[in-house]
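What follows is the content of work.pdb, which has PDB, C-alpha atoms (C1' of nucleotides):
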ATOM      1  CA  MET C   1     -24.617  72.298   6.127
ATOM      2  CA  LYS C   2     -28.271  72.607   6.979
ATOM      3  CA  GLN C   3     -29.368  70.028   9.509
ATOM      4  CA  ASN C   4     -32.444  68.528   7.976
ATOM      5  CA  MET C   5     -31.758  69.110   4.352
ATOM      6  CA  GLU C   6     -32.476  65.957   2.430
ATOM      7  CA  GLN C   7     -30.099  64.468  -0.102
ATOM      8  CA  THR C   8     -30.660  61.907  -2.808
ATOM      9  CA  TYR C   9     -28.335  59.299  -4.257
ATOM     10  CA  ILE C  10     -29.335  57.187  -7.222
ATOM     11  CA  ILE C  11     -27.396  54.067  -8.058
ATOM     12  CA  LYS C  12     -28.045  53.085 -11.629
ATOM     13  CA  ASP C  13     -27.957  49.554 -12.891
ATOM     14  CA  CYS C  14     -26.803  48.218  -9.563
ATOM     15  CA  LYS C  15     -26.617  44.442  -9.513
ATOM     16  CA  SER C  16     -26.890  42.468  -6.283
ATOM     17  CA  PHE C  17     -28.899  45.107  -4.437
ATOM     18  CA  GLU C  18     -32.339  44.094  -3.247
ATOM     19  CA  PRO C  19     -33.652  46.091  -0.268
ATOM     20  CA  LYS C  20     -35.728  43.199   1.065
ATOM     21  CA  ASP C  21     -32.770  40.808   0.992
ATOM     22  CA  ILE C  22     -30.409  43.329   2.557
ATOM     23  CA  PHE C  23     -32.677  44.458   5.368
ATOM     24  CA  GLU C  24     -34.430  41.207   6.197
ATOM     25  CA  CYS C  25     -31.568  38.744   6.054
ATOM     26  CA  GLY C  26     -30.929  39.229   9.764
ATOM     27  CA  GLN C  27     -27.836  41.431   9.761
ATOM     28  CA  CYS C  28     -29.558  44.635  10.903
ATOM     29  CA  PHE C  29     -32.439  45.524  13.193
ATOM     30  CA  ARG C  30     -33.256  49.174  12.614
ATOM     31  CA  TRP C  31     -34.652  49.190   9.078
ATOM     32  CA  ASP C  32     -38.396  48.934   8.564
ATOM     33  CA  ILE C  33     -40.516  48.327   5.514
ATOM     34  CA  GLN C  34     -42.802  51.151   4.415
ATOM     35  CA  GLY C  35     -46.193  51.073   2.759
ATOM     36  CA  ASP C  36     -44.671  51.318  -0.711
ATOM     37  CA  GLY C  37     -42.237  48.446  -0.177
ATOM     38  CA  SER C  38     -39.250  50.698   0.399
ATOM     39  CA  TYR C  39     -37.245  50.615   3.649
ATOM     40  CA  THR C  40     -36.433  53.391   6.071
ATOM     41  CA  GLY C  41     -33.684  53.081   8.632
ATOM     42  CA  ILE C  42     -31.333  54.957  10.877
ATOM     43  CA  PHE C  43     -27.600  54.522  11.340
ATOM     44  CA  GLY C  44     -25.321  57.052  12.949
ATOM     45  CA  GLU C  45     -27.213  60.295  12.523
ATOM     46  CA  ASN C  46     -28.366  59.371   9.046
ATOM     47  CA  ILE C  47     -31.976  58.549   8.313
ATOM     48  CA  LEU C  48     -32.503  57.171   4.857
ATOM     49  CA  ASN C  49     -35.168  55.647   2.697
ATOM     50  CA  VAL C  50     -34.089  53.023   0.188
ATOM     51  CA  LYS C  51     -36.309  52.248  -2.743
ATOM     52  CA  LYS C  52     -35.795  50.059  -5.756
ATOM     53  CA  ASP C  53     -37.397  51.149  -9.010
ATOM     54  CA  LYS C  54     -36.648  48.819 -11.895
ATOM     55  CA  ASN C  55     -32.866  48.803 -12.022
ATOM     56  CA  GLU C  56     -32.359  51.932  -9.997
ATOM     57  CA  ILE C  57     -31.711  52.195  -6.302
ATOM     58  CA  ILE C  58     -32.993  55.487  -4.951
ATOM     59  CA  ILE C  59     -31.599  56.474  -1.589
ATOM     60  CA  SER C  60     -32.912  59.660  -0.029
ATOM     61  CA  GLY C  61     -33.059  61.316   3.342
ATOM     62  CA  ILE C  62     -31.048  63.058   6.007
ATOM     63  CA  CYS C  63     -27.332  62.436   5.803
ATOM     64  CA  LYS C  64     -24.645  63.929   8.005
ATOM     65  CA  ASP C  65     -22.012  63.833   5.294
ATOM     66  CA  ASP C  66     -22.024  63.472   1.531
ATOM     67  CA  ILE C  67     -24.670  60.843   0.841
ATOM     68  CA  LYS C  68     -22.696  59.025  -1.858
ATOM     69  CA  LYS C  69     -19.669  58.688   0.374
ATOM     70  CA  VAL C  70     -21.738  57.515   3.346
ATOM     71  CA  CYS C  71     -23.793  55.014   1.334
ATOM     72  CA  ASP C  72     -20.972  53.591  -0.756
ATOM     73  CA  ASP C  73     -19.347  52.690   2.531
ATOM     74  CA  TYR C  74     -22.438  51.508   4.439
ATOM     75  CA  PHE C  75     -23.853  49.424   1.589
ATOM     76  CA  ASP C  76     -20.497  47.928   0.659
ATOM     77  CA  ILE C  77     -20.930  49.246  -2.880
ATOM     78  CA  ASN C  78     -17.373  48.709  -4.003
ATOM     79  CA  ARG C  79     -17.384  44.985  -3.354
ATOM     80  CA  ASP C  80     -18.156  42.842  -6.391
ATOM     81  CA  TYR C  81     -21.012  40.639  -5.213
ATOM     82  CA  GLU C  82     -21.567  39.330  -8.743
ATOM     83  CA  ALA C  83     -18.099  37.818  -8.700
ATOM     84  CA  ILE C  84     -18.580  36.472  -5.182
ATOM     85  CA  LYS C  85     -21.870  34.833  -6.163
ATOM     86  CA  ARG C  86     -20.342  33.280  -9.273
ATOM     87  CA  LYS C  87     -17.548  31.804  -7.225
ATOM     88  CA  LEU C  88     -19.778  30.507  -4.432
ATOM     89  CA  SER C  89     -22.399  29.149  -6.832
ATOM     90  CA  ASN C  90     -19.769  26.778  -8.156
ATOM     91  CA  VAL C  91     -19.337  25.154  -4.750
ATOM     92  CA  ASP C  92     -22.457  23.019  -5.053
ATOM     93  CA  GLU C  93     -26.130  23.084  -6.026
ATOM     94  CA  TYR C  94     -27.326  23.809  -2.480
ATOM     95  CA  LEU C  95     -25.343  26.980  -2.113
ATOM     96  CA  ALA C  96     -26.285  27.947  -5.650
ATOM     97  CA  GLU C  97     -29.957  27.669  -4.746
ATOM     98  CA  SER C  98     -29.550  29.698  -1.566
ATOM     99  CA  ILE C  99     -27.759  32.383  -3.574
ATOM    100  CA  LYS C 100     -30.561  32.455  -6.088
ATOM    101  CA  TYR C 101     -32.976  33.032  -3.206
ATOM    102  CA  GLY C 102     -30.969  35.821  -1.542
ATOM    103  CA  SER C 103     -29.285  37.176  -4.622
ATOM    104  CA  GLY C 104     -29.733  40.804  -3.572
ATOM    105  CA  ILE C 105     -27.926  40.499  -0.255
ATOM    106  CA  ARG C 106     -25.085  42.846   0.565
ATOM    107  CA  ILE C 107     -23.295  42.746   3.897
ATOM    108  CA  LEU C 108     -23.577  46.165   5.512
ATOM    109  CA  ASN C 109     -20.733  48.017   7.199
ATOM    110  CA  GLN C 110     -22.338  48.828  10.526
ATOM    111  CA  ASP C 111     -21.027  50.588  13.599
ATOM    112  CA  LEU C 112     -18.990  48.300  15.843
ATOM    113  CA  TRP C 113     -20.458  49.514  19.125
ATOM    114  CA  GLU C 114     -24.019  49.190  17.812
ATOM    115  CA  MET C 115     -23.307  45.644  16.610
ATOM    116  CA  ILE C 116     -21.870  44.657  19.984
ATOM    117  CA  ILE C 117     -25.015  45.744  21.817
ATOM    118  CA  SER C 118     -27.369  44.449  19.108
ATOM    119  CA  PHE C 119     -25.933  40.960  18.967
ATOM    120  CA  ILE C 120     -25.648  40.573  22.731
ATOM    121  CA  THR C 121     -29.367  41.351  22.649
ATOM    122  CA  SER C 122     -29.899  38.699  19.986
ATOM    123  CA  ALA C 123     -28.863  35.776  22.201
ATOM    124  CA  ASN C 124     -31.677  33.222  22.573
ATOM    125  CA  ASN C 125     -34.078  35.820  21.244
ATOM    126  CA  ASN C 126     -36.207  36.408  18.179
ATOM    127  CA  ILE C 127     -35.945  39.172  15.621
ATOM    128  CA  PRO C 128     -39.212  41.054  16.331
ATOM    129  CA  ARG C 129     -38.338  41.246  20.011
ATOM    130  CA  ILE C 130     -34.739  42.260  19.332
ATOM    131  CA  LYS C 131     -35.994  45.120  17.155
ATOM    132  CA  GLY C 132     -38.390  46.236  19.870
ATOM    133  CA  ILE C 133     -35.688  46.254  22.518
ATOM    134  CA  LEU C 134     -33.229  48.206  20.358
ATOM    135  CA  ASN C 135     -35.922  50.739  19.472
ATOM    136  CA  ARG C 136     -36.839  51.294  23.114
ATOM    137  CA  LEU C 137     -33.158  51.555  24.019
ATOM    138  CA  SER C 138     -32.708  54.227  21.354
ATOM    139  CA  GLN C 139     -35.864  56.047  22.377
ATOM    140  CA  LYS C 140     -34.628  56.315  25.933
ATOM    141  CA  TYR C 141     -30.908  56.913  25.426
ATOM    142  CA  GLY C 142     -30.577  58.155  21.854
ATOM    143  CA  LYS C 143     -31.171  61.485  20.200
ATOM    144  CA  LYS C 144     -34.442  62.331  18.517
ATOM    145  CA  ILE C 145     -34.435  63.329  14.858
ATOM    146  CA  VAL C 146     -37.589  64.179  12.939
ATOM    147  CA  PHE C 147     -37.747  62.812   9.413
ATOM    148  CA  ARG C 148     -40.741  63.325   7.127
ATOM    149  CA  GLY C 149     -42.959  64.058  10.086
ATOM    150  CA  LYS C 150     -41.978  61.035  12.120
ATOM    151  CA  ASP C 151     -39.684  60.720  15.145
ATOM    152  CA  TYR C 152     -36.541  58.633  14.865
ATOM    153  CA  TYR C 153     -33.935  57.981  17.534
ATOM    154  CA  THR C 154     -30.210  57.488  17.029
ATOM    155  CA  PHE C 155     -28.566  54.472  18.593
ATOM    156  CA  PRO C 156     -27.306  55.397  22.077
ATOM    157  CA  THR C 157     -23.685  56.480  22.407
ATOM    158  CA  ILE C 158     -21.405  54.566  24.747
ATOM    159  CA  GLU C 159     -21.569  57.427  27.207
ATOM    160  CA  ALA C 160     -25.365  57.676  27.117
ATOM    161  CA  LEU C 161     -25.810  53.960  27.683
ATOM    162  CA  SER C 162     -23.249  53.955  30.484
ATOM    163  CA  LYS C 163     -25.807  55.897  32.555
ATOM    164  CA  ALA C 164     -28.335  53.059  32.408
ATOM    165  CA  SER C 165     -28.595  50.813  35.465
ATOM    166  CA  ILE C 166     -29.301  47.094  35.300
ATOM    167  CA  LYS C 167     -32.803  47.887  36.501
ATOM    168  CA  ASP C 168     -33.294  50.460  33.738
ATOM    169  CA  LEU C 169     -32.225  47.880  31.184
ATOM    170  CA  ARG C 170     -34.530  45.228  32.598
ATOM    171  CA  GLU C 171     -37.447  47.644  32.312
ATOM    172  CA  ILE C 172     -36.703  48.097  28.634
ATOM    173  CA  GLY C 173     -37.259  44.376  28.206
ATOM    174  CA  LEU C 174     -33.754  43.004  27.864
ATOM    175  CA  GLY C 175     -34.512  40.168  30.247
ATOM    176  CA  PHE C 176     -31.511  38.234  31.518
ATOM    177  CA  ARG C 177     -29.260  40.091  29.052
ATOM    178  CA  ASP C 178     -29.552  43.252  31.193
ATOM    179  CA  LYS C 179     -26.404  42.460  33.154
ATOM    180  CA  TYR C 180     -24.421  41.586  30.026
ATOM    181  CA  ILE C 181     -25.269  44.906  28.392
ATOM    182  CA  TYR C 182     -24.510  46.709  31.623
ATOM    183  CA  GLN C 183     -21.145  45.082  32.235
ATOM    184  CA  THR C 184     -19.988  45.285  28.644
ATOM    185  CA  THR C 185     -21.003  48.939  28.403
ATOM    186  CA  GLN C 186     -19.111  49.731  31.594
ATOM    187  CA  MET C 187     -15.998  47.902  30.381
ATOM    188  CA  ILE C 188     -15.978  49.872  27.155
ATOM    189  CA  TYR C 189     -16.888  53.171  28.802
ATOM    190  CA  ASN C 190     -14.167  52.973  31.442
ATOM    191  CA  GLY C 191     -11.557  51.955  28.895
ATOM    192  CA  GLU C 192     -10.953  48.430  30.149
ATOM    193  CA  ILE C 193     -11.656  47.398  26.569
ATOM    194  CA  SER C 194     -10.822  49.645  23.653
ATOM    195  CA  LEU C 195     -12.859  49.398  20.467
ATOM    196  CA  GLU C 196     -10.108  51.230  18.624
ATOM    197  CA  LYS C 197      -7.691  48.536  19.671
ATOM    198  CA  ILE C 198      -9.975  45.841  18.268
ATOM    199  CA  LYS C 199     -10.041  47.656  14.933
ATOM    200  CA  LYS C 200      -6.240  47.763  14.855
ATOM    201  CA  GLN C 201      -5.714  44.019  15.259
ATOM    202  CA  SER C 202      -4.218  42.384  12.213
ATOM    203  CA  SER C 203      -5.994  39.043  12.397
ATOM    204  CA  THR C 204      -9.573  37.921  12.797
ATOM    205  CA  ASN C 205      -8.544  35.701  15.662
ATOM    206  CA  GLU C 206      -6.956  38.533  17.643
ATOM    207  CA  MET C 207     -10.129  40.575  17.205
ATOM    208  CA  ARG C 208     -12.293  37.681  18.307
ATOM    209  CA  LYS C 209     -10.193  37.122  21.423
ATOM    210  CA  ILE C 210     -10.872  40.656  22.616
ATOM    211  CA  LEU C 211     -14.585  40.457  21.803
ATOM    212  CA  LEU C 212     -14.893  37.230  23.796
ATOM    213  CA  LYS C 213     -13.734  39.036  26.947
ATOM    214  CA  MET C 214     -17.004  40.930  27.063
ATOM    215  CA  GLN C 215     -20.016  39.650  28.967
ATOM    216  CA  GLY C 216     -22.711  38.202  26.737
ATOM    217  CA  ILE C 217     -20.350  37.616  23.832
ATOM    218  CA  GLY C 218     -19.706  33.973  23.015
ATOM    219  CA  PRO C 219     -18.452  32.474  19.760
ATOM    220  CA  LYS C 220     -21.627  33.013  17.738
ATOM    221  CA  VAL C 221     -22.207  36.613  18.783
ATOM    222  CA  ALA C 222     -18.520  37.403  18.280
ATOM    223  CA  ASP C 223     -18.663  36.072  14.721
ATOM    224  CA  CYS C 224     -21.758  38.143  13.920
ATOM    225  CA  ILE C 225     -20.012  41.257  15.188
ATOM    226  CA  LEU C 226     -16.912  40.427  13.138
ATOM    227  CA  LEU C 227     -18.986  39.885  10.002
ATOM    228  CA  PHE C 228     -21.624  42.631  10.171
ATOM    229  CA  SER C 229     -19.660  45.529  11.668
ATOM    230  CA  THR C 230     -17.052  47.684   9.987
ATOM    231  CA  LEU C 231     -14.540  45.045  11.072
ATOM    232  CA  LYS C 232     -15.969  43.183   8.051
ATOM    233  CA  ARG C 233     -14.251  39.837   8.497
ATOM    234  CA  LEU C 234     -15.557  37.438   5.883
ATOM    235  CA  ASP C 235     -13.545  34.519   7.254
ATOM    236  CA  VAL C 236     -16.006  33.732  10.052
ATOM    237  CA  PHE C 237     -19.008  31.414  10.068
ATOM    238  CA  PRO C 238     -21.543  32.269  12.789
ATOM    239  CA  VAL C 239     -23.260  29.069  13.899
ATOM    240  CA  ASP C 240     -26.787  29.534  15.242
ATOM    241  CA  VAL C 241     -29.772  27.165  15.296
ATOM    242  CA  TRP C 242     -30.646  27.790  11.631
ATOM    243  CA  VAL C 243     -27.129  27.391  10.326
ATOM    244  CA  ARG C 244     -26.606  24.287  12.414
ATOM    245  CA  ARG C 245     -29.829  22.901  10.971
ATOM    246  CA  VAL C 246     -29.050  23.665   7.338
ATOM    247  CA  MET C 247     -25.413  22.523   7.537
ATOM    248  CA  ASN C 248     -26.466  19.270   9.168
ATOM    249  CA  GLU C 249     -29.180  18.638   6.593
ATOM    250  CA  LEU C 250     -26.941  19.376   3.625
ATOM    251  CA  TYR C 251     -23.571  17.980   4.612
ATOM    252  CA  ILE C 252     -23.330  16.259   7.970
ATOM    253  CA  LYS C 253     -26.604  14.346   8.188
ATOM    254  CA  ASN C 254     -26.393  13.537  11.871
ATOM    255  CA  PRO C 255     -29.782  12.190  13.047
ATOM    256  CA  ASP C 256     -29.398  14.279  16.193
ATOM    257  CA  GLU C 257     -28.714  17.831  15.104
ATOM    258  CA  ASN C 258     -27.755  18.905  18.608
ATOM    259  CA  LYS C 259     -24.846  16.477  18.631
ATOM    260  CA  VAL C 260     -23.132  18.327  15.783
ATOM    261  CA  THR C 261     -20.292  20.407  17.173
ATOM    262  CA  ARG C 262     -19.508  23.962  16.203
ATOM    263  CA  LYS C 263     -15.992  22.928  15.230
ATOM    264  CA  GLU C 264     -17.311  20.306  12.844
ATOM    265  CA  ILE C 265     -19.514  22.881  11.105
ATOM    266  CA  GLU C 266     -16.718  25.450  10.976
ATOM    267  CA  ASN C 267     -14.339  22.958   9.389
ATOM    268  CA  ILE C 268     -16.777  22.044   6.641
ATOM    269  CA  ALA C 269     -17.558  25.709   6.002
ATOM    270  CA  LYS C 270     -13.878  26.580   5.702
ATOM    271  CA  GLU C 271     -13.256  23.645   3.410
ATOM    272  CA  LYS C 272     -16.210  24.327   1.100
ATOM    273  CA  PHE C 273     -16.549  28.109   1.134
ATOM    274  CA  GLY C 274     -12.984  29.191   1.934
ATOM    275  CA  ASP C 275     -12.368  32.865   2.593
ATOM    276  CA  LEU C 276     -15.940  33.750   1.584
ATOM    277  CA  GLU C 277     -17.535  31.608   4.269
ATOM    278  CA  GLY C 278     -19.087  34.604   6.053
ATOM    279  CA  ILE C 279     -21.090  35.601   2.998
ATOM    280  CA  ALA C 280     -22.010  31.979   2.284
ATOM    281  CA  GLN C 281     -23.338  31.731   5.835
ATOM    282  CA  GLN C 282     -25.651  34.647   5.192
ATOM    283  CA  TYR C 283     -27.155  33.144   2.026
ATOM    284  CA  LEU C 284     -27.698  29.838   3.817
ATOM    285  CA  PHE C 285     -29.185  31.441   6.925
ATOM    286  CA  TYR C 286     -31.621  33.641   4.990
ATOM    287  CA  TRP C 287     -32.662  30.782   2.726
ATOM    288  CA  LYS C 288     -33.215  28.246   5.484
ATOM    289  CA  ARG C 289     -34.950  30.599   7.905
ATOM    290  CA  ASP C 290     -37.433  31.787   5.281
ATOM    291  CA  LYS C 291     -38.138  28.283   4.036
ATOM    292  CA  GLU C 292     -39.431  27.208   7.453
TER     293      GLU C 292
ATOM    294  C1'  DA B   1     -54.389  27.047  29.792
ATOM    295  C1'  DC B   2     -50.078  24.933  28.341
ATOM    296  C1'  DC B   3     -45.919  24.255  25.767
ATOM    297  C1'  DC B   4     -42.368  25.557  22.628
ATOM    298  C1'  DA B   5     -38.707  28.131  20.447
ATOM    299  C1'  DG B   6     -36.107  32.130  19.164
ATOM    300  C1'  DG B   7     -29.456  34.689  15.000
ATOM    301  C1'  DG B   8     -26.685  31.653  22.859
ATOM    302  C1'  DT B   9     -24.070  32.506  26.964
ATOM    303  C1'  DC B  10     -22.912  31.660  31.606
ATOM    304  C1'  DG B  11     -21.921  29.071  35.668
ATOM    305  C1'  DT B  12     -21.211  24.598  37.406
ATOM    306  C1'  DC B  13     -19.883  19.978  37.444
TER     307       DC B  13
ATOM    308  C1'  DG I   1     -16.871  19.155  27.178
ATOM    309  C1'  DA I   2     -21.730  18.477  28.674
ATOM    310  C1'  DC I   3     -25.658  20.017  31.074
ATOM    311  C1'  DG I   4     -29.539  23.320  32.880
ATOM    312  C1'  DA I   5     -31.079  28.016  33.742
ATOM    313  C1'  DC I   6     -32.391  32.136  31.859
ATOM    314  C1'  DC I   7     -36.353  37.095  30.481
ATOM    315  C1'  DC I   8     -39.773  37.626  27.363
ATOM    316  C1'  DT I   9     -43.042  37.208  23.491
ATOM    317  C1'  DG I  10     -45.701  35.256  19.826
ATOM    318  C1'  DG I  11     -47.668  31.054  17.858
ATOM    319  C1'  DG I  12     -49.427  26.412  18.002
TER     320       DG I  12
END

Please, can you express the file's structure as structure tokens?
Amino acid sequence: MKQNMEQTYIIKDCKSFEPKDIFECGQCFRWDIQGDGSYTGIFGENILNVKKDKNEIIISGICKDDIKKVCDDYFDINRDYEAIKRKLSNVDEYLAESIKYGSGIRILNQDLWEMIISFITSANNNIPRIKGILNRLSQKYGKKIVFRGKDYYTFPTIEALSKASIKDLREIGLGFRDKYIYQTTQMIYNGEISLEKIKKQSSTNEMRKILLKMQGIGPKVADCILLFSTLKRLDVFPVDVWVRRVMNELYIKNPDENKVTRKEIENIAKEKFGDLEGIAQQYLFYWKRDKE
DNA sequence: ACCCAGGGTCGTC
DNA sequence: GACGACCCTGGG
């Protein structure tokens, strides 16, 4: 197959697919809005532009494999978000409103290694800065691909990133997370932790236990990795400042938000949202963060 | 200039 | 289990 031959994939009458909701709900960091409102992003060695025109989703760009196969997987096309939204909307009016706001969200199936590095970077950080760091990391340790006259860089491989020193990472702007990225990369590179083994675990909890062994991964980051990577565990409920805020306001009503424990929030989430709590979290997060 | 907060985690007590 | 420290950047 020719390297830079572009492919196109049109999804007709696709419900629950809104590029803005998908790419700006906080699950991914390497998709950027274009002048025409479409989004261009890179994952693996694929560089795609996603555009919505009426009821059609037009995906075009460079794809390593068959574009339909790659995108059906990446965009979680075979999951019935309409059914999920119907079910979750019945929980209560708050969740129903958040779903109305983020009704085009789909949870992407992203590379596990990339999610590990991305969400370690996200700790006590803000989204614009996270995106900058991951772009610089890719520029330095990834592979350049030219797409429509512009340079793009693949996310660094484990091996490529294993060559970076703590000092190199600090210079990229990782701040105090430099040592976490370094140590975790080394652990994975030298085989002390096997990503394949994580994928083979039968329960969410077993997967989480392994993730928590890595430097820079605590409960919140572990849950994001479980939810947004190809591990795709929907039975997690990442608790960050926004989710703590919205869950306290809606259900717990503790005058001091910081006194609310993670366990308390997780229990309510499990009770109200059941096995779809991960997706519910994303509607609530996106809704609350954009409201402020 | 100064302070605050951001998709938290770690080390210490 | 509860604290404080922590790189850096943009916004008040």

Quick one: which residues end up in the PyMOL selection byres ((chain B) within 12 of (chain C)) for this structure, as a list in words?
->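 For this structure, the PyMOL selection byres ((chain B) within 12 of (chain C)) resolves to DA5, DG6, DG7, DG8, DT9 and DC10 of chain B.
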
Within 7 Å of chain I, which residues of chain C show up when using all atoms listed in the file, listed as a PyMOL selection string?
-> chain C and resi 174-176

Listed atoms of chain B, axis-aligned box, 4 Å per side: centre and edge lengths to one decimal in Å, as lines of an AutoDock Vina configuration file?
center_x = -37.1
center_y = 27.3
center_z = 26.2
size_x = 42.5
size_y = 22.7
size_z = 30.4

Could you work out how far CA of Ala280 (chain C) lies from CA of Ile99 (chain C), giving the answer in Å with one decimal?
->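 Atom-to-atom, CA of Ile99 (chain C) to CA of Ala280 (chain C), that is 8.2 Å.
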